[in-house]
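First the structure, in the form of structure tokens, and then the observations on it.
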Amino acid sequence: MTDRPFGPAGFCAFFALLLVLAGPAFADPVQDGVAAYERQDFVSAMGFWKPLAEAGNAEAQVKIGALYATGEGVAQDLAKAADWFRKSADQGNAEAEWRLAVFYLHGTGPLPRDVPTGLAWLRKATDQDLAAADFTLATVYFAGAPPDVQQDFGEAVVWWRRAAEQGMPDAMYQVGRAYKDGRGVPKDGSQAAFWYRKAAEKGHQGSEVGLGRLYVDGFGVTQDKEQALLWLGKAAAQGGGPGHLAEQLIANLQGSPAPTPSNVPPALAQAIVPALSTMAQSMTQKMAPFIAGIRARAEQGDAPSQRALGDFYSLRGFAGSAPDADLAMSWWRKAAEQGDTQAMNKLANAYQLGKFVPRNVELSISWLRKAAEKDDPQAELGLGEDYANGFGVPKDSAQATVWFRKADSHGGMFHGMAETAIANLDKVIKPPTAAPPDFDSLLSRASAGDADAQTRLGMIYKDENSTLKNYQEAATWLSKAAKQGNAEAMSELAELYFLGNGVPRDMTQFAYWQQQAANHGRVEDEIALSSSYAVGIFGFPKDNALSVAWLQKAAEQGSAAAQQQLAFVYQLGQRAPRDDAKALYWLQKSTDQRYCAAEQMMATRYEFGVGGPRDLDKARAWLVKAVDHPLSDLCQNMAAGALKALDDRSSKPH
């Protein structure tokens, strides 16, 4: 019998392959998938790409790998993502080489952190002039990845410039910033203006702000208020954190102060506020139905809802809209007049700081006293501080002590805060911590290379209250232990770089050592890394998939805090698709460990009917659990306040 190379099925497969390989005369399923993806129809995109990928099409392979990496249209699966990236990269696809490199550089999914392998793939992609790969390589040089790559700002600028010359606005911005700061290249205002302008003309918001600032300062350009306002206005119109910064600069140019968040340390504000603003804007949209429910209850006279609505109007500036001072104060006042002590504290704070209303010390003290007389520990502490410092009342240590003692009687965190306040009042200073009895032995073992001893020695030198406090010595010993793989030392060393204690403040080194600690399974750093990826700060890109992946690692290691946070992610649909079943699963894991915040979250689900019918009895039962928490802390006190508010509402006739 003669072999038949083509039956009907074989012919169809051959014809399908011709369609893939043929030129523009035939339909292009890859581009059909792109069009579906751009419509956010991820399921259809997968439908177009997967048959092609399975037939060996490298472009389709990298695209479905990206879907698995982000969880768009499919369940997130980093292992499958890595597998598809490798298949495509093995065929020489530049995007796949870059994506596989990033997985290795960060230790993502099933791949271990392997900088040499990551760099090898990254170089393959840069050899094909992929702008994204050039940008990533620049970032590696900018941050450094010891011992494989030493920090080199000059080399970073070389690669950013390559990406910029291919038209990447983010890279143009980085080159402009390098010239502005003189980092890796000589400081040059005209070059900074050139690169900022190229990116700003493409609508790059950070470059619009940067160019506007150059016109404000007259650096590299002629000082020009109108040009400054033009570019800052473009940035402000885009909203978000950079828009808020642009609004501040515009206000400064026009001679009127712009409101700034008072609870963000100035040194970190520029890094944190833009990212928080973007998150808040997204969350505000998702929470619109929830806000509508709060408003309905507030209008019916529910005091906690009135207070919450006041909070919403006071914080709205973080979401790109201006806060509404009048509405914030109005709703807080309605709640306070019904006896809500938290609202009274908010009014007292507003009048004390002159926030939303003209500063009025008398009204601040009046609202604080009303709350303190209702046995509110926060107000009792505040009133004690006022008497201790003579703020709005005569300075009176005896009266201060009375109010501090009242706050102390509530226990929990208020006990510690009151004791500290009284100690400061009486000038009692905590005695310093002496060197441990085995210090000489510890020093000997550390000098011999014992990583655990080096870590403990570093912690002794790092102790703020130790007689041996020496941050330089702390950094030396913690660095030795960290390089031997001690996860605790890595975490503590990261903190030293973050604060600039004993070492120059260096956020790239902070990011590196925190990543290392997380890679070694240190739960606290896995959670912190999740937060950094969620917001996109401290040297980490904004990456929801990695943020959730790190949080899940910590949750799977049994961290009750991570389990509760993961439940919150799935409940809100923040960073991952909303999934009430997963939210409830992780929340129950956390409550099984008697985690107070999880018990409160469970109470909230029942109180507001999240994921099921409302059940105030069950809500109360969970709050009782939280109040009866074995560890007396802030959460317990908050639960007690929530329980009291729930009981007050339940006792009112409907």
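Labeling convention for the structure tokens: chains A, B, ... as they appear, residues from 1 per chain, ligands from 1 in order of appearance.
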>> Give me the residues near region 542-555 of chain A as a ChimeraX atom specification, where near means some atom within 7 Å (using only C-alpha atoms) and where sequence neighbours in that chain fewer than 6 positions away do not count.
In response: /A:69-70,523,526-527,529-531,533-536,562-563,566,575
> Residues at most 6 Å from Ser364 (chain A), counting only C-alpha atoms, excluding those fewer than 2 positions away in the same chain, as a list in words?
Replying inline: Ala348, Tyr351, Gln352, Val361, Glu362, Ser366 and Trp367 of chain A
Next, write the just-selected residues to a file, as an mmCIF file, in the first residue's frame, keeping C-alpha atoms as the atom set.
```
data_model
loop_
_atom_site.group_PDB
_atom_site.id
_atom_site.type_symbol
_atom_site.label_atom_id
_atom_site.label_comp_id
_atom_site.auth_asym_id
_atom_site.auth_seq_id
_atom_site.Cartn_x
_atom_site.Cartn_y
_atom_site.Cartn_z
ATOM 1 C CA ALA A 348 -10.579 67.983 67.379
ATOM 2 C CA TYR A 351 -9.361 72.274 64.470
ATOM 3 C CA GLN A 352 -5.968 71.675 66.093
ATOM 4 C CA VAL A 361 -7.596 75.741 69.667
ATOM 5 C CA GLU A 362 -10.681 76.265 71.820
ATOM 6 C CA SER A 366 -13.824 71.280 73.393
ATOM 7 C CA TRP A 367 -14.324 68.285 71.079
#
```
> Taking into account only C-alpha atoms, which residue in the set A:Gly218, A:Gln300, A:Leu353, A:Ile250 is nearest to Gly233 (chain A)?
Replying inline: A:Ile250
Extract, using only C-alpha atoms, all DNA, RNA and protein residues at most 10 Å from Gln399 (chain A), discarding same-chain residues fewer than 5 positions from it, and format them as a short mmCIF file (atom, residue, chain, number, x, y, z; two decimals) with N, CA and C atoms, in the first residue's frame.
```cif
data_model
loop_
_atom_site.label_atom_id
_atom_site.label_comp_id
_atom_site.auth_asym_id
_atom_site.auth_seq_id
_atom_site.Cartn_x
_atom_site.Cartn_y
_atom_site.Cartn_z
N LEU A 383 -5.89 64.76 75.48
CA LEU A 383 -6.11 65.81 76.47
C LEU A 383 -4.95 65.85 77.47
N GLY A 384 -4.44 64.67 77.82
CA GLY A 384 -3.27 64.62 78.69
C GLY A 384 -2.08 65.33 78.07
N GLU A 385 -1.87 65.10 76.76
CA GLU A 385 -0.76 65.77 76.06
C GLU A 385 -0.96 67.29 76.06
N ASP A 386 -2.21 67.72 75.88
CA ASP A 386 -2.47 69.16 75.88
C ASP A 386 -2.12 69.78 77.23
N TYR A 387 -2.50 69.10 78.33
CA TYR A 387 -2.16 69.61 79.66
C TYR A 387 -0.65 69.53 79.90
N ALA A 388 -0.03 68.49 79.38
CA ALA A 388 1.42 68.34 79.58
C ALA A 388 2.20 69.45 78.88
N PRO A 394 -4.02 75.60 80.54
CA PRO A 394 -2.82 75.87 81.34
C PRO A 394 -1.98 74.60 81.49
N PHE A 404 -3.78 60.77 81.52
CA PHE A 404 -2.95 59.64 81.09
C PHE A 404 -3.35 58.37 81.84
N ARG A 405 -3.65 58.51 83.15
CA ARG A 405 -4.04 57.33 83.94
C ARG A 405 -5.38 56.77 83.44
#
```
>> I want to know what sits within 12 Å of Asp41 (chain A), based on only C-alpha atoms, with residues of the same chain fewer than 5 positions away left out; could you give that as a list in words?
In response: Asp32, Gly33, Val34, Ala35, Ala36, Met46, Gly47, Phe48, Leu67, Glu72, Gly73 and Val74 of chain A
For the residues in the current selection, export N, CA, C and O atoms as a PDB file, in the first residue's frame.
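The file below, again-v4.pdb, is the result:
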```pdb
ATOM      1  N   ASP A  32      -5.594  38.934  15.152  1.00  0.00           N
ATOM      2  CA  ASP A  32      -6.972  38.835  15.651  1.00  0.00           C
ATOM      3  C   ASP A  32      -6.962  38.728  17.168  1.00  0.00           C
ATOM      4  O   ASP A  32      -7.802  39.319  17.864  1.00  0.00           O
ATOM      5  N   GLY A  33      -6.004  37.950  17.681  1.00  0.00           N
ATOM      6  CA  GLY A  33      -5.868  37.829  19.131  1.00  0.00           C
ATOM      7  C   GLY A  33      -5.472  39.141  19.776  1.00  0.00           C
ATOM      8  O   GLY A  33      -5.960  39.498  20.847  1.00  0.00           O
ATOM      9  N   VAL A  34      -4.574  39.881  19.099  1.00  0.00           N
ATOM     10  CA  VAL A  34      -4.167  41.196  19.613  1.00  0.00           C
ATOM     11  C   VAL A  34      -5.369  42.123  19.693  1.00  0.00           C
ATOM     12  O   VAL A  34      -5.571  42.845  20.688  1.00  0.00           O
ATOM     13  N   ALA A  35      -6.189  42.111  18.630  1.00  0.00           N
ATOM     14  CA  ALA A  35      -7.381  42.971  18.621  1.00  0.00           C
ATOM     15  C   ALA A  35      -8.322  42.590  19.757  1.00  0.00           C
ATOM     16  O   ALA A  35      -8.887  43.465  20.436  1.00  0.00           O
ATOM     17  N   ALA A  36      -8.497  41.277  19.990  1.00  0.00           N
ATOM     18  CA  ALA A  36      -9.359  40.831  21.093  1.00  0.00           C
ATOM     19  C   ALA A  36      -8.774  41.260  22.431  1.00  0.00           C
ATOM     20  O   ALA A  36      -9.495  41.712  23.329  1.00  0.00           O
ATOM     21  N   MET A  46      -6.998  34.242  23.949  1.00  0.00           N
ATOM     22  CA  MET A  46      -6.420  32.923  24.198  1.00  0.00           C
ATOM     23  C   MET A  46      -6.886  31.932  23.135  1.00  0.00           C
ATOM     24  O   MET A  46      -6.109  31.096  22.655  1.00  0.00           O
ATOM     25  N   GLY A  47      -8.144  32.028  22.739  1.00  0.00           N
ATOM     26  CA  GLY A  47      -8.680  31.133  21.722  1.00  0.00           C
ATOM     27  C   GLY A  47      -7.959  31.278  20.389  1.00  0.00           C
ATOM     28  O   GLY A  47      -7.730  30.279  19.681  1.00  0.00           O
ATOM     29  N   PHE A  48      -7.596  32.504  20.019  1.00  0.00           N
ATOM     30  CA  PHE A  48      -6.856  32.720  18.771  1.00  0.00           C
ATOM     31  C   PHE A  48      -5.415  32.213  18.880  1.00  0.00           C
ATOM     32  O   PHE A  48      -4.872  31.637  17.942  1.00  0.00           O
ATOM     33  N   LEU A  67      -0.446  35.928  29.231  1.00  0.00           N
ATOM     34  CA  LEU A  67      -1.773  35.774  29.829  1.00  0.00           C
ATOM     35  C   LEU A  67      -1.696  34.935  31.103  1.00  0.00           C
ATOM     36  O   LEU A  67      -2.323  35.253  32.114  1.00  0.00           O
ATOM     37  N   GLU A  72      -4.935  36.863  33.058  1.00  0.00           N
ATOM     38  CA  GLU A  72      -5.982  37.490  32.245  1.00  0.00           C
ATOM     39  C   GLU A  72      -6.607  36.429  31.339  1.00  0.00           C
ATOM     40  O   GLU A  72      -5.945  35.877  30.465  1.00  0.00           O
ATOM     41  N   GLY A  73      -7.879  36.125  31.574  1.00  0.00           N
ATOM     42  CA  GLY A  73      -8.594  35.153  30.755  1.00  0.00           C
ATOM     43  C   GLY A  73      -8.367  33.714  31.155  1.00  0.00           C
ATOM     44  O   GLY A  73      -9.042  32.814  30.662  1.00  0.00           O
ATOM     45  N   VAL A  74      -7.400  33.483  32.043  1.00  0.00           N
ATOM     46  CA  VAL A  74      -7.100  32.135  32.553  1.00  0.00           C
ATOM     47  C   VAL A  74      -6.711  32.269  34.019  1.00  0.00           C
ATOM     48  O   VAL A  74      -6.416  33.361  34.495  1.00  0.00           O
TER      49      VAL A  74
END
```
> Could you pull the residues within 9 Å of region 455-465 of chain A, counting only C-alpha atoms, minus those fewer than 4 positions along the same chain, as a VMD selection string?
Replying inline: chain A and resid 430 to 436 439 442 to 443 446 450 to 451 469 to 482 486 488 to 489 492 496 501
> Between CA of Met601 (chain A) and CA of Arg620 (chain A), what is the distance, to one decimal in Å?
Replying inline: 11.7 Å
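Between Asp127 (chain A) and the residues A:Gly92, A:Gly521, A:Gly206, A:Gly612, the shortest atom-to-atom distance, using only C-alpha atoms, involves A:Gly92.
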>> Going by DSSP on the backbone, which residues of region 100-164 of chain A come out as helix (DSSP H, G or I)? List them as a PyMOL selection string.
In response: chain A and resi 100-106+115-127+131-143+153-164
> Leaving out region 82-86 of chain A and any residue of its chain fewer than 3 positions from it, which residues lie within 10 Å of it when counting only C-alpha atoms, given as number ranges by chain?
Replying inline: A: 53-54, 58-66, 68-69, 77-79, 89-93, 95-101, 103-104, 108-111
Restricted to C-alpha atoms, what would the selected residues look like written as a PDB file, in the first residue's frame?
```
ATOM      1  CA  ALA A  53       1.267  28.326  20.109  1.00  0.00           C
ATOM      2  CA  GLU A  54       0.743  24.568  20.261  1.00  0.00           C
ATOM      3  CA  ALA A  58       6.776  31.732  18.762  1.00  0.00           C
ATOM      4  CA  GLU A  59       4.797  35.006  18.808  1.00  0.00           C
ATOM      5  CA  ALA A  60       1.638  33.236  19.986  1.00  0.00           C
ATOM      6  CA  GLN A  61       3.642  31.334  22.598  1.00  0.00           C
ATOM      7  CA  VAL A  62       4.959  34.472  24.257  1.00  0.00           C
ATOM      8  CA  LYS A  63       1.508  36.049  24.206  1.00  0.00           C
ATOM      9  CA  ILE A  64      -0.260  33.196  25.987  1.00  0.00           C
ATOM     10  CA  GLY A  65       2.678  33.052  28.388  1.00  0.00           C
ATOM     11  CA  ALA A  66       1.904  36.675  29.234  1.00  0.00           C
ATOM     12  CA  TYR A  68      -0.768  33.033  32.264  1.00  0.00           C
ATOM     13  CA  ALA A  69       1.636  35.432  34.002  1.00  0.00           C
ATOM     14  CA  ASP A  77      -0.087  30.037  36.515  1.00  0.00           C
ATOM     15  CA  LEU A  78       3.495  31.290  36.645  1.00  0.00           C
ATOM     16  CA  ALA A  79       4.863  27.825  35.864  1.00  0.00           C
ATOM     17  CA  ALA A  89      12.674  32.142  23.601  1.00  0.00           C
ATOM     18  CA  ASP A  90      14.264  28.929  22.324  1.00  0.00           C
ATOM     19  CA  GLN A  91      13.050  30.004  18.879  1.00  0.00           C
ATOM     20  CA  GLY A  92      14.735  33.388  19.266  1.00  0.00           C
ATOM     21  CA  ASN A  93      11.690  35.547  20.058  1.00  0.00           C
ATOM     22  CA  GLU A  95      10.083  39.483  23.821  1.00  0.00           C
ATOM     23  CA  ALA A  96      10.126  35.942  25.218  1.00  0.00           C
ATOM     24  CA  GLU A  97      13.875  36.189  25.910  1.00  0.00           C
ATOM     25  CA  TRP A  98      13.233  39.407  27.833  1.00  0.00           C
ATOM     26  CA  ARG A  99      10.283  38.004  29.801  1.00  0.00           C
ATOM     27  CA  LEU A 100      12.199  34.842  30.690  1.00  0.00           C
ATOM     28  CA  ALA A 101      15.131  37.008  31.802  1.00  0.00           C
ATOM     29  CA  PHE A 103      11.572  35.769  35.672  1.00  0.00           C
ATOM     30  CA  TYR A 104      15.139  34.649  36.403  1.00  0.00           C
ATOM     31  CA  THR A 108       9.502  34.347  39.745  1.00  0.00           C
ATOM     32  CA  GLY A 109       7.208  31.327  39.872  1.00  0.00           C
ATOM     33  CA  PRO A 110       9.048  28.014  39.521  1.00  0.00           C
ATOM     34  CA  LEU A 111      12.329  29.638  38.450  1.00  0.00           C
TER      35      LEU A 111
END
```
> If we count only C-alpha atoms, what is near Lys582 (chain A) at a cut-off of 9 Å, once residues fewer than 6 positions away on the same chain are taken out, given as a PyMOL selection string?
Replying inline: chain A and resi 566-567+570-571
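Distance annotation: of A:Gly573, A:Gln31, A:Ser441, A:Asp376, the residue with the minimal separation from Thr341 (chain A) is A:Asp376; atom set is only C-alpha atoms.
Residue nearest Trp231 (chain A), chosen from A:Lys589, A:Arg614, A:His204, A:His106 and counting only C-alpha atoms: A:His204.
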> So which one's closest to Gln565 (chain A), A:Ala133, A:Leu587, A:Ala448, A:Ala350? Using only C-alpha atoms, please.
Replying inline: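 Among A:Ala133, A:Leu587, A:Ala448, A:Ala350, it is A:Leu587 that comes nearest to Gln565 (chain A).
Our summary of the geometry notes that CA of Val216 (chain A) is positioned 17.0 Å from CA of Trp195 (chain A).
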>> Just to confirm, what's the straight-line distance from CA of Ala619 (chain A) to CA of Ala598 (chain A) in Å (one decimal)?
In response: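 CA of Ala598 (chain A) lies at a distance of 12.2 Å from CA of Ala619 (chain A).
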